[in-house]
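Shown next: upload.tsv, given as TSV, C-alpha atoms.
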```
chain	number	residue	atom	x	y	z
Z	1	MET	CA	-94.31	91.87	273.52
Z	2	LYS	CA	-94.18	88.25	272.39
Z	3	THR	CA	-91.33	89.03	270.04
Z	4	LEU	CA	-89.33	90.64	272.88
Z	5	LEU	CA	-89.85	87.60	275.13
Z	6	ASN	CA	-88.65	85.25	272.42
Z	7	GLY	CA	-85.51	87.36	271.94
Z	8	ILE	CA	-84.74	87.24	275.67
Z	9	LEU	CA	-85.11	83.44	275.76
Z	10	ILE	CA	-82.86	82.99	272.73
Z	11	SER	CA	-80.22	85.26	274.30
Z	12	PHE	CA	-80.41	83.28	277.57
Z	13	PHE	CA	-79.86	79.98	275.80
Z	14	LEU	CA	-77.01	81.42	273.78
Z	15	VAL	CA	-75.30	82.77	276.89
Z	16	SER	CA	-75.83	79.47	278.70
Z	17	GLY	CA	-74.37	77.55	275.77
Z	18	CYS	CA	-71.29	79.75	275.58
Z	19	GLY	CA	-70.52	79.23	279.29
Z	20	LYS	CA	-70.02	75.48	278.90
Z	21	THR	CA	-66.37	74.28	278.06
Z	22	ASP	CA	-65.24	70.73	277.35
Z	23	LYS	CA	-62.35	69.39	279.62
Z	24	PRO	CA	-59.26	68.35	277.52
Z	25	ALA	CA	-58.49	64.61	277.54
Z	26	GLU	CA	-55.56	63.49	279.75
Z	27	PRO	CA	-52.52	62.35	277.60
Z	28	ASP	CA	-51.86	58.65	277.71
Z	29	PRO	CA	-48.21	58.03	278.78
Z	30	GLN	CA	-48.04	54.90	276.70
Z	31	SER	CA	-49.26	56.81	273.66
Z	32	LEU	CA	-46.72	59.57	274.22
Z	33	ARG	CA	-43.93	57.01	274.62
Z	34	LYS	CA	-44.88	55.46	271.31
Z	35	GLU	CA	-44.64	58.84	269.64
Z	36	ILE	CA	-41.02	59.34	270.81
Z	37	PRO	CA	-38.55	57.60	268.47
Z	38	PRO	CA	-36.40	55.05	270.37
Z	39	THR	CA	-32.78	55.93	271.13
Z	40	GLU	CA	-30.33	53.71	269.27
Z	41	VAL	CA	-27.88	52.11	271.72
Z	42	LYS	CA	-25.25	49.45	271.85
Z	43	THR	CA	-25.03	46.90	274.64
Z	44	VAL	CA	-22.63	44.43	276.18
Z	45	THR	CA	-23.45	41.49	278.40
Z	46	ALA	CA	-22.67	41.95	282.08
Z	47	ALA	CA	-20.15	39.17	282.75
Z	48	ARG	CA	-18.52	37.96	285.94
Z	49	LYS	CA	-14.77	37.61	285.42
Z	50	PRO	CA	-11.44	38.39	287.11
Z	51	PHE	CA	-10.86	42.13	287.09
Z	52	GLU	CA	-7.43	43.28	285.89
Z	53	TYR	CA	-6.15	46.29	287.80
Z	54	LEU	CA	-3.76	48.20	285.56
Z	55	ILE	CA	-0.70	50.01	286.92
Z	56	GLN	CA	0.92	52.40	284.46
Z	57	ALA	CA	4.48	53.66	284.82
Z	58	ALA	CA	7.32	55.16	282.82
Z	59	ALA	CA	10.30	52.87	282.24
Z	60	ARG	CA	13.71	52.59	280.64
Z	61	ILE	CA	15.16	49.64	278.77
Z	62	GLU	CA	18.26	48.11	280.36
Z	63	SER	CA	20.23	44.92	279.96
Z	64	ALA	CA	20.04	42.36	282.72
Z	65	ASN	CA	23.71	41.57	282.11
Z	66	GLU	CA	25.77	44.73	281.67
Z	67	VAL	CA	29.20	45.79	282.90
Z	68	GLN	CA	31.50	48.78	282.65
Z	69	ILE	CA	34.93	47.86	281.33
Z	70	LYS	CA	37.56	49.87	283.18
Z	71	PHE	CA	41.31	50.28	282.91
Z	72	ARG	CA	43.13	48.67	285.83
Z	73	ARG	CA	46.19	50.87	285.54
Z	74	ALA	CA	47.12	54.29	284.16
Z	75	GLY	CA	48.87	54.61	280.82
Z	76	THR	CA	48.57	55.56	277.17
Z	77	VAL	CA	46.23	53.73	274.80
Z	78	ARG	CA	48.24	51.83	272.19
Z	79	GLU	CA	45.39	50.03	270.38
Z	80	ILE	CA	41.60	49.96	270.29
Z	81	ARG	CA	40.54	46.62	268.84
Z	82	VAL	CA	36.75	47.01	268.89
Z	83	HIS	CA	34.07	49.51	267.89
Z	84	ASN	CA	30.60	50.46	269.12
Z	85	GLY	CA	27.95	47.90	268.21
Z	86	GLN	CA	30.47	45.06	267.89
Z	87	TYR	CA	29.68	41.77	269.63
Z	88	VAL	CA	32.63	40.31	271.56
Z	89	ARG	CA	33.29	37.15	273.51
Z	90	LYS	CA	34.36	36.91	277.12
Z	91	GLY	CA	38.16	37.19	277.28
Z	92	ASP	CA	38.55	39.04	273.97
Z	93	ILE	CA	41.10	41.87	274.05
Z	94	LEU	CA	39.32	45.21	273.65
Z	95	ALA	CA	42.24	47.66	274.05
Z	96	VAL	CA	45.97	47.64	274.71
Z	97	LEU	CA	48.06	50.12	276.68
Z	98	ASP	CA	51.77	50.82	276.11
Z	99	PHE	CA	53.53	47.93	277.84
Z	100	GLU	CA	57.29	48.32	277.23
Z	101	ARG	CA	58.05	49.24	280.85
Z	102	GLN	CA	55.80	46.48	282.19
Z	103	GLU	CA	57.48	43.94	279.90
Z	104	LEU	CA	60.93	44.96	281.20
Z	105	GLN	CA	59.76	44.72	284.81
Z	106	ARG	CA	58.33	41.28	284.13
Z	107	GLN	CA	61.61	40.05	282.60
Z	108	LYS	CA	63.57	41.49	285.49
Z	109	ALA	CA	61.27	39.82	288.01
Z	110	ARG	CA	61.65	36.49	286.20
Z	111	LEU	CA	65.45	36.70	286.34
Z	112	THR	CA	65.39	37.57	290.03
Z	113	HIS	CA	63.04	34.70	290.70
Z	114	GLU	CA	65.27	32.23	288.85
Z	115	GLU	CA	68.30	33.49	290.82
Z	116	LYS	CA	66.57	33.09	294.17
Z	117	LEU	CA	65.19	29.69	293.16
Z	118	LEU	CA	68.71	28.40	292.39
Z	119	ALA	CA	69.99	29.64	295.76
Z	120	PHE	CA	67.08	27.96	297.50
Z	121	ARG	CA	67.71	24.65	295.79
Z	122	ASP	CA	71.42	24.78	296.65
Z	123	GLN	CA	70.60	25.27	300.31
Z	124	MET	CA	68.07	22.44	300.27
Z	125	LEU	CA	70.76	20.00	299.16
Z	126	ASN	CA	72.04	20.09	302.73
Z	127	TYR	CA	68.82	18.47	303.91
Z	128	GLN	CA	68.53	15.56	301.47
Z	129	GLY	CA	68.93	12.91	304.15
Z	130	ALA	CA	66.82	14.66	306.78
Z	131	ASP	CA	63.47	13.37	307.88
Z	132	SER	CA	60.34	14.88	306.33
Z	133	LEU	CA	59.52	17.12	309.31
Z	134	ARG	CA	63.02	18.63	309.47
Z	135	ARG	CA	63.10	19.04	305.69
Z	136	LYS	CA	59.73	20.85	305.71
Z	137	ARG	CA	60.89	23.27	308.41
Z	138	ALA	CA	64.11	23.96	306.50
Z	139	GLU	CA	62.16	24.61	303.29
Z	140	GLN	CA	59.96	27.21	305.03
Z	141	THR	CA	62.98	28.96	306.51
Z	142	LEU	CA	65.11	28.95	303.35
Z	143	ARG	CA	62.29	30.34	301.19
Z	144	VAL	CA	62.50	33.49	303.31
Z	145	THR	CA	66.27	33.69	303.93
Z	146	THR	CA	67.19	33.12	300.27
Z	147	GLY	CA	64.67	35.74	299.11
Z	148	LEU	CA	62.66	33.22	297.06
Z	149	ALA	CA	59.34	34.09	298.71
Z	150	ALA	CA	59.84	37.82	298.01
Z	151	ALA	CA	60.92	37.06	294.43
Z	152	GLU	CA	57.75	35.02	293.83
Z	153	LEU	CA	55.58	37.92	295.02
Z	154	ALA	CA	57.49	40.40	292.87
Z	155	LEU	CA	57.08	38.16	289.82
Z	156	ARG	CA	53.33	37.82	290.38
Z	157	GLU	CA	53.04	41.59	290.73
Z	158	ALA	CA	55.01	42.17	287.52
Z	159	GLU	CA	52.88	39.64	285.66
Z	160	LEU	CA	49.70	41.38	286.82
Z	161	GLU	CA	50.99	44.80	285.78
Z	162	TYR	CA	51.79	43.38	282.36
Z	163	GLN	CA	48.36	41.70	282.04
Z	164	TYR	CA	46.64	44.96	283.04
Z	165	THR	CA	47.94	46.57	279.86
Z	166	PHE	CA	45.51	44.29	277.95
Z	167	VAL	CA	41.89	45.26	278.64
Z	168	LYS	CA	39.69	42.19	278.18
Z	169	ALA	CA	35.96	41.58	277.94
Z	170	GLU	CA	34.57	40.40	281.27
Z	171	ILE	CA	31.39	39.05	279.65
Z	172	SER	CA	30.20	38.27	276.15
Z	173	GLY	CA	28.18	41.16	274.82
Z	174	MET	CA	27.82	44.22	272.63
Z	175	VAL	CA	30.17	47.20	272.88
Z	176	SER	CA	28.69	50.63	273.61
Z	177	ASP	CA	29.83	54.03	274.94
Z	178	LEU	CA	33.32	53.58	273.47
Z	179	GLN	CA	34.83	57.06	273.03
Z	180	LEU	CA	38.61	56.71	273.44
Z	181	ARG	CA	41.14	56.60	270.63
Z	182	PRO	CA	44.74	55.37	270.35
Z	183	GLY	CA	47.07	57.85	272.01
Z	184	SER	CA	44.61	58.82	274.75
Z	185	ALA	CA	46.02	59.06	278.26
Z	186	VAL	CA	43.91	57.18	280.77
Z	187	ALA	CA	43.78	56.90	284.54
Z	188	ASP	CA	43.45	53.86	286.74
Z	189	GLY	CA	39.73	53.02	286.93
Z	190	GLN	CA	38.72	55.07	283.89
Z	191	VAL	CA	35.90	53.54	281.82
Z	192	LEU	CA	36.77	52.21	278.37
Z	193	CYS	CA	33.25	51.13	277.32
Z	194	ARG	CA	30.18	49.18	278.34
Z	195	LEU	CA	29.28	45.63	277.45
Z	196	HIS	CA	25.72	44.37	277.53
Z	197	ASN	CA	23.98	41.19	276.50
Z	198	PRO	CA	21.35	42.25	273.92
Z	199	GLY	CA	19.45	39.01	274.44
Z	200	GLU	CA	18.70	39.73	278.11
Z	201	LEU	CA	16.85	43.05	278.11
Z	202	THR	CA	14.60	44.35	280.87
Z	203	ALA	CA	12.36	47.35	281.47
Z	204	ILE	CA	13.05	49.21	284.72
Z	205	ALA	CA	9.93	50.95	286.01
Z	206	GLU	CA	9.08	52.87	289.18
Z	207	VAL	CA	5.60	52.50	290.69
Z	208	LEU	CA	3.88	54.13	293.64
Z	209	GLU	CA	4.32	52.45	297.00
Z	210	SER	CA	0.51	52.23	297.28
Z	211	ASP	CA	0.40	50.14	294.09
Z	212	VAL	CA	3.42	47.91	294.64
Z	213	VAL	CA	1.68	45.87	297.35
Z	214	GLN	CA	-0.52	44.39	294.59
Z	215	VAL	CA	2.41	43.41	292.37
Z	216	LYS	CA	4.16	40.06	292.63
Z	217	PRO	CA	6.90	38.39	290.56
Z	218	GLY	CA	5.36	36.63	287.59
Z	219	VAL	CA	2.61	39.21	287.02
Z	220	GLN	CA	2.17	40.04	283.33
Z	221	ALA	CA	3.09	43.44	281.92
Z	222	VAL	CA	2.84	45.16	278.54
Z	223	VAL	CA	5.77	47.33	277.47
Z	224	GLN	CA	5.39	49.97	274.77
Z	225	VAL	CA	8.69	51.46	273.63
Z	226	ALA	CA	8.68	55.07	272.46
Z	227	GLY	CA	8.33	55.17	268.70
Z	228	GLN	CA	7.21	51.53	268.58
Z	229	GLU	CA	3.75	51.80	270.13
Z	230	SER	CA	2.26	49.61	267.41
Z	231	ARG	CA	4.43	46.71	268.58
Z	232	PRO	CA	3.79	46.22	272.31
Z	233	LEU	CA	5.92	43.62	274.09
Z	234	ASN	CA	4.61	41.11	276.59
Z	235	GLY	CA	6.85	41.00	279.64
Z	236	GLN	CA	6.79	39.63	283.15
Z	237	VAL	CA	7.67	41.15	286.53
Z	238	ALA	CA	10.97	39.54	287.56
Z	239	VAL	CA	12.27	41.55	290.53
Z	240	ILE	CA	10.71	43.99	292.99
Z	241	ASN	CA	13.20	46.08	294.93
Z	242	PRO	CA	12.14	45.76	298.61
Z	243	ARG	CA	12.76	49.42	299.40
Z	244	VAL	CA	10.86	52.66	298.84
Z	245	GLU	CA	12.89	55.58	297.52
Z	246	GLU	CA	12.90	58.19	300.27
Z	247	LYS	CA	12.49	61.27	298.07
Z	248	SER	CA	10.12	59.99	295.37
Z	249	GLY	CA	8.11	57.43	297.33
Z	250	MET	CA	8.50	55.05	294.39
Z	251	VAL	CA	9.54	51.40	294.20
Z	252	LYS	CA	11.74	50.04	291.41
Z	253	ILE	CA	10.44	47.03	289.47
Z	254	VAL	CA	12.35	44.96	286.90
Z	255	ILE	CA	10.30	43.55	284.01
Z	256	LYS	CA	11.86	40.79	281.95
Z	257	LEU	CA	11.37	41.15	278.19
Z	258	PRO	CA	11.23	38.33	275.62
Z	259	SER	CA	14.54	37.43	273.99
Z	260	GLY	CA	15.29	38.53	270.47
Z	261	VAL	CA	13.74	42.00	270.67
Z	262	ASN	CA	15.59	44.68	268.74
Z	263	LEU	CA	15.95	47.32	271.47
Z	264	LEU	CA	18.78	49.38	272.89
Z	265	PRO	CA	19.59	50.10	276.53
Z	266	GLY	CA	18.40	53.57	277.51
Z	267	MET	CA	15.26	53.56	275.34
Z	268	ARG	CA	12.18	55.11	277.00
Z	269	ALA	CA	9.02	53.08	277.39
Z	270	GLN	CA	5.59	52.95	279.03
Z	271	VAL	CA	4.70	49.92	281.12
Z	272	VAL	CA	1.23	48.62	281.99
Z	273	ILE	CA	1.34	46.01	284.76
Z	274	LYS	CA	-1.74	43.77	284.80
Z	275	VAL	CA	-2.64	42.84	288.37
Z	276	PRO	CA	-5.30	40.09	288.44
Z	277	GLY	CA	-8.08	40.52	291.01
Z	278	SER	CA	-11.06	38.63	292.38
Z	279	LYS	CA	-14.09	37.84	290.21
Z	280	HIS	CA	-16.78	40.52	289.92
Z	281	ILE	CA	-19.21	41.72	287.29
Z	282	VAL	CA	-17.12	43.88	284.99
Z	283	VAL	CA	-18.50	46.41	282.50
Z	284	PRO	CA	-16.93	49.01	280.22
Z	285	LYS	CA	-16.23	52.28	281.98
Z	286	GLU	CA	-18.61	54.20	279.68
Z	287	ALA	CA	-21.55	52.09	280.91
Z	288	VAL	CA	-21.54	53.94	284.27
Z	289	VAL	CA	-23.14	57.40	284.45
Z	290	MET	CA	-23.64	59.62	287.49
Z	291	ARG	CA	-27.11	60.76	288.55
Z	292	SER	CA	-27.57	62.86	291.70
Z	293	GLY	CA	-24.14	61.81	292.91
Z	294	ARG	CA	-24.82	58.09	292.50
Z	295	ALA	CA	-23.54	55.60	289.94
Z	296	VAL	CA	-26.15	54.30	287.51
Z	297	VAL	CA	-26.04	51.60	284.85
Z	298	PHE	CA	-28.80	51.40	282.23
Z	299	THR	CA	-29.87	48.01	280.92
Z	300	ALA	CA	-31.95	47.29	277.84
Z	301	GLU	CA	-35.02	45.19	278.67
Z	302	GLU	CA	-37.87	44.59	276.21
Z	303	GLY	CA	-37.15	47.76	274.26
Z	304	LEU	CA	-36.91	49.99	277.34
Z	305	ALA	CA	-33.98	51.45	279.27
Z	306	LYS	CA	-33.96	50.34	282.90
Z	307	TRP	CA	-32.27	52.41	285.58
Z	308	ASN	CA	-30.00	50.45	288.00
Z	309	TYR	CA	-28.21	52.02	290.97
Z	310	VAL	CA	-24.88	50.23	291.35
Z	311	THR	CA	-21.94	50.11	293.74
Z	312	THR	CA	-18.68	50.38	291.83
Z	313	GLY	CA	-15.22	49.11	292.72
Z	314	ARG	CA	-11.88	49.66	291.06
Z	315	GLU	CA	-11.37	50.80	287.50
Z	316	ASN	CA	-8.46	50.41	285.12
Z	317	GLY	CA	-9.17	53.08	282.50
Z	318	ARG	CA	-11.15	50.67	280.31
Z	319	GLU	CA	-13.35	48.66	282.66
Z	320	ILE	CA	-14.91	49.06	286.08
Z	321	GLU	CA	-15.97	46.61	288.76
Z	322	ILE	CA	-19.65	46.40	289.74
Z	323	LEU	CA	-19.86	45.15	293.31
Z	324	ASP	CA	-23.64	45.37	293.73
Z	325	GLY	CA	-26.81	46.41	291.88
Z	326	LEU	CA	-26.40	44.61	288.58
Z	327	ASP	CA	-27.20	41.00	287.69
Z	328	GLU	CA	-24.96	38.87	285.56
Z	329	GLY	CA	-26.18	38.40	281.99
Z	330	LYS	CA	-28.00	41.75	281.70
Z	331	ALA	CA	-27.67	43.75	278.47
Z	332	VAL	CA	-25.76	46.81	279.62
Z	333	ILE	CA	-26.13	49.98	277.55
Z	334	VAL	CA	-22.77	51.53	276.68
Z	335	THR	CA	-23.69	54.25	274.14
Z	336	ASN	CA	-26.10	57.23	274.15
Z	337	ASN	CA	-26.78	56.65	277.84
Z	338	LEU	CA	-25.96	60.11	279.19
Z	339	GLN	CA	-29.48	61.50	278.61
Z	340	LEU	CA	-31.48	58.31	279.04
Z	341	ALA	CA	-34.35	58.12	281.50
Z	342	HIS	CA	-35.96	55.15	283.17
Z	343	ASP	CA	-38.29	53.30	280.78
Z	344	ALA	CA	-37.16	55.40	277.82
Z	345	PRO	CA	-37.62	53.48	274.54
Z	346	VAL	CA	-34.38	52.17	273.09
Z	347	LYS	CA	-33.36	50.22	270.03
Z	348	VAL	CA	-30.37	47.92	270.42
Z	349	ASN	CA	-28.09	48.19	267.40
Z	350	ASN	CA	-24.95	46.16	268.17
```
Could you write out this structure as structure tokens?
Amino acid sequence: MKTLLNGILISFFLVSGCGKTDKPAEPDPQSLRKEIPPTEVKTVTAARKPFEYLIQAAARIESANEVQIKFRRAGTVREIRVHNGQYVRKGDILAVLDFERQELQRQKARLTHEEKLLAFRDQMLNYQGADSLRRKRAEQTLRVTTGLAAAELALREAELEYQYTFVKAEISGMVSDLQLRPGSAVADGQVLCRLHNPGELTAIAEVLESDVVQVKPGVQAVVQVAGQESRPLNGQVAVINPRVEEKSGMVKIVIKLPSGVNLLPGMRAQVVIKVPGSKHIVVPKEAVVMRSGRAVVFTAEEGLAKWNYVTTGRENGREIEILDGLDEGKAVIVTNNLQLAHDAPVKVNN
């Protein structure tokens, strides 16, 4: 009986002991944070500076001083005295048309003029002793009645027709688009070639009407010519056409290029116009991440990532304005920030 009682008591204590369980210890957040390796990040200092708004546009290279050289009468080309790529001076003869008929007409007009001039002078002898007023009236009348006035006009016309057989350079510049050869028949007003000043090149760009209000003459621009992207050119806005194209909604802008550049009219280019703005805190575009539809910038403070809601302004493809929510001088995280959380451990590795 005593043995049975002892067995029951032992069983009771065993059952009672098995029913007790120890509560697990709560994890310490600080301890867990120490166990997570810090995320390596790079930072930049949040600086307040003028924000450059960038306007990008396609452009073509043109000369600021370019003309089309046209024939001023019909005829047959006798000589071509220049070639494409040749530099000529203003007044140089570029081409000559057949001029035999014009030369004969000029000689005939000269003879007629001399004949009428002699008749006029003979008639004026009758007024040698007249007073100045009477002599002046007689001169006006005799110029018409003797045919001298008409002969002078005919001679001027013949001289012009003769001069038009010699096509001259209207400006100093380089010859381009010359396609005619000796023997070609040409019409009045037909183009012989183009002349442009290679030292006065511009980039002609078209920008949106919404952007042009921010552009003013003198604003800096960077021009990258196709095939020469490694050698960007620094230009300056010279002229803004005060009219919006009806169909495209674009505005034409002329950008002056530095002298001495080795470019050709018609080359394609990309233009970036740098519009200076007011001073704001400016950070790289990659510093801003979106969380729940709001813009966030992480800063590195004492080894931890700090979450900052910010209000952003304009961006230019490289940088973005921060209008509110970020203090100047903060170390802004710009790498590995997409998955960061507030107070996550970070290691700055600039």
Quick one: which stretch 168-224 of chain Z residues come within 7 Å of stretch 241-258 of chain Z, and what is the nearest atom pair for each with the distance in Å to one decimal, counting all atoms listed in the file, rows ordered by chain and ascending number, as a Markdown table?
```
| residue | atom | partner | partner_atom | distance |
| --- | --- | --- | --- | --- |
| Z:Leu201 | CA | Z:Leu257 | CA | 5.8 |
| Z:Thr202 | CA | Z:Lys256 | CA | 4.6 |
| Z:Ala203 | CA | Z:Ile255 | CA | 5.0 |
| Z:Ile204 | CA | Z:Val254 | CA | 4.8 |
| Z:Ala205 | CA | Z:Ile253 | CA | 5.3 |
| Z:Glu206 | CA | Z:Lys252 | CA | 4.5 |
| Z:Val207 | CA | Z:Met250 | CA | 5.3 |
| Z:Leu208 | CA | Z:Met250 | CA | 4.8 |
| Z:Glu209 | CA | Z:Met250 | CA | 5.6 |
```
Mind checking which residues fall within 12 Å of stretch 342-346 of chain Z, counting all atoms listed in the file, ignoring those fewer than 6 positions away in the same chain, and posting them as an mmCIF file with C-alpha atoms, keeping the file's coordinate frame?
```cif
data_model
loop_
_atom_site.group_PDB
_atom_site.id
_atom_site.type_symbol
_atom_site.label_atom_id
_atom_site.label_comp_id
_atom_site.auth_asym_id
_atom_site.auth_seq_id
_atom_site.Cartn_x
_atom_site.Cartn_y
_atom_site.Cartn_z
ATOM 1 C CA PRO Z 29 -48.210 58.030 278.780
ATOM 2 C CA GLN Z 30 -48.040 54.900 276.700
ATOM 3 C CA LEU Z 32 -46.720 59.570 274.220
ATOM 4 C CA ARG Z 33 -43.930 57.010 274.620
ATOM 5 C CA LYS Z 34 -44.880 55.460 271.310
ATOM 6 C CA GLU Z 35 -44.640 58.840 269.640
ATOM 7 C CA ILE Z 36 -41.020 59.340 270.810
ATOM 8 C CA PRO Z 37 -38.550 57.600 268.470
ATOM 9 C CA PRO Z 38 -36.400 55.050 270.370
ATOM 10 C CA THR Z 39 -32.780 55.930 271.130
ATOM 11 C CA GLU Z 40 -30.330 53.710 269.270
ATOM 12 C CA VAL Z 41 -27.880 52.110 271.720
ATOM 13 C CA LYS Z 42 -25.250 49.450 271.850
ATOM 14 C CA THR Z 43 -25.030 46.900 274.640
ATOM 15 C CA ARG Z 291 -27.110 60.760 288.550
ATOM 16 C CA VAL Z 296 -26.150 54.300 287.510
ATOM 17 C CA VAL Z 297 -26.040 51.600 284.850
ATOM 18 C CA PHE Z 298 -28.800 51.400 282.230
ATOM 19 C CA THR Z 299 -29.870 48.010 280.920
ATOM 20 C CA ALA Z 300 -31.950 47.290 277.840
ATOM 21 C CA GLU Z 301 -35.020 45.190 278.670
ATOM 22 C CA GLU Z 302 -37.870 44.590 276.210
ATOM 23 C CA GLY Z 303 -37.150 47.760 274.260
ATOM 24 C CA LEU Z 304 -36.910 49.990 277.340
ATOM 25 C CA ALA Z 305 -33.980 51.450 279.270
ATOM 26 C CA LYS Z 306 -33.960 50.340 282.900
ATOM 27 C CA TRP Z 307 -32.270 52.410 285.580
ATOM 28 C CA ASN Z 308 -30.000 50.450 288.000
ATOM 29 C CA TYR Z 309 -28.210 52.020 290.970
ATOM 30 C CA ILE Z 333 -26.130 49.980 277.550
ATOM 31 C CA THR Z 335 -23.690 54.250 274.140
ATOM 32 C CA ASN Z 336 -26.100 57.230 274.150
#
```
Rounded to one decimal place, report the atom CA of Z:Lys168-atom CA of Z:Leu264 distance in Å.
22.7 Å
All file atoms of stretch 83-98 of chain Z boxed axis-aligned, 8 Å per side, centre plus edges, as AutoDock Vina command-line options:
```
--center_x 39.9 --center_y 43.9 --center_z 272.6 --size_x 39.8 --size_y 29.9 --size_z 25.4
```
Gap from atom CA of Z:Val215 to atom CA of Z:Ile55 - Å, one decimal:
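Those two atoms sit 9.1 Å apart.
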One decimal, in Å: what's the spacing between atom CA of Z:Ile69 and atom CA of Z:Val167?
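One can read the atom CA of Z:Ile69 to atom CA of Z:Val167 distance as 7.9 Å.
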Taking the point (-22.4, 52.4, 296.9) as given in the file, collect each protein or nucleic acid residue that comes within 8 Å of it, counting all atoms listed in the file, and present the set as a ChimeraX atom specification.
/Z:294-295,310-312,324
Under the rule that only C-alpha atoms are counted, which of Z:Ala269, Z:Asn197, Z:Glu79, Z:Gln339 is the nearest residue to Z:Arg231?
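With only C-alpha atoms as the atom set, the closest residue is Z:Ala269.
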Which polymer residues have any atom within 7 Å of an atom of Z:Arg106, counting only C-alpha atoms, with same-chain residues fewer than 2 positions away left out, as number ranges by chain?
Z: 102-104, 108-110, 155, 158-159
Env of stretch 170-185 of chain Z: 8 Å cut, atoms = all atoms listed in the file, seq-sep filter 4 positions within chain, self excluded. Answer as a list in words.
Val67, Ile69, Ala74, Gly75, Thr76, Val77, Arg78, Glu79, Ile80, Val82, His83, Asn84, Gly85, Gln86, Tyr87, Val88, Arg89, Lys90, Gly91, Leu192, Cys193, Arg194, Leu195, His196, Asn197 and Pro198 of chain Z
Mind dumping the selected residues with C-alpha atoms as a PDB file, in the frame of the given file?
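Writing the result to result-v6.pdb gives the following:
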```
ATOM      1  CA  VAL Z  67      29.200  45.790 282.900  1.00  0.00           C
ATOM      2  CA  ILE Z  69      34.930  47.860 281.330  1.00  0.00           C
ATOM      3  CA  ALA Z  74      47.120  54.290 284.160  1.00  0.00           C
ATOM      4  CA  GLY Z  75      48.870  54.610 280.820  1.00  0.00           C
ATOM      5  CA  THR Z  76      48.570  55.560 277.170  1.00  0.00           C
ATOM      6  CA  VAL Z  77      46.230  53.730 274.800  1.00  0.00           C
ATOM      7  CA  ARG Z  78      48.240  51.830 272.190  1.00  0.00           C
ATOM      8  CA  GLU Z  79      45.390  50.030 270.380  1.00  0.00           C
ATOM      9  CA  ILE Z  80      41.600  49.960 270.290  1.00  0.00           C
ATOM     10  CA  VAL Z  82      36.750  47.010 268.890  1.00  0.00           C
ATOM     11  CA  HIS Z  83      34.070  49.510 267.890  1.00  0.00           C
ATOM     12  CA  ASN Z  84      30.600  50.460 269.120  1.00  0.00           C
ATOM     13  CA  GLY Z  85      27.950  47.900 268.210  1.00  0.00           C
ATOM     14  CA  GLN Z  86      30.470  45.060 267.890  1.00  0.00           C
ATOM     15  CA  TYR Z  87      29.680  41.770 269.630  1.00  0.00           C
ATOM     16  CA  VAL Z  88      32.630  40.310 271.560  1.00  0.00           C
ATOM     17  CA  ARG Z  89      33.290  37.150 273.510  1.00  0.00           C
ATOM     18  CA  LYS Z  90      34.360  36.910 277.120  1.00  0.00           C
ATOM     19  CA  GLY Z  91      38.160  37.190 277.280  1.00  0.00           C
ATOM     20  CA  LEU Z 192      36.770  52.210 278.370  1.00  0.00           C
ATOM     21  CA  CYS Z 193      33.250  51.130 277.320  1.00  0.00           C
ATOM     22  CA  ARG Z 194      30.180  49.180 278.340  1.00  0.00           C
ATOM     23  CA  LEU Z 195      29.280  45.630 277.450  1.00  0.00           C
ATOM     24  CA  HIS Z 196      25.720  44.370 277.530  1.00  0.00           C
ATOM     25  CA  ASN Z 197      23.980  41.190 276.500  1.00  0.00           C
ATOM     26  CA  PRO Z 198      21.350  42.250 273.920  1.00  0.00           C
TER      27      PRO Z 198
END
```
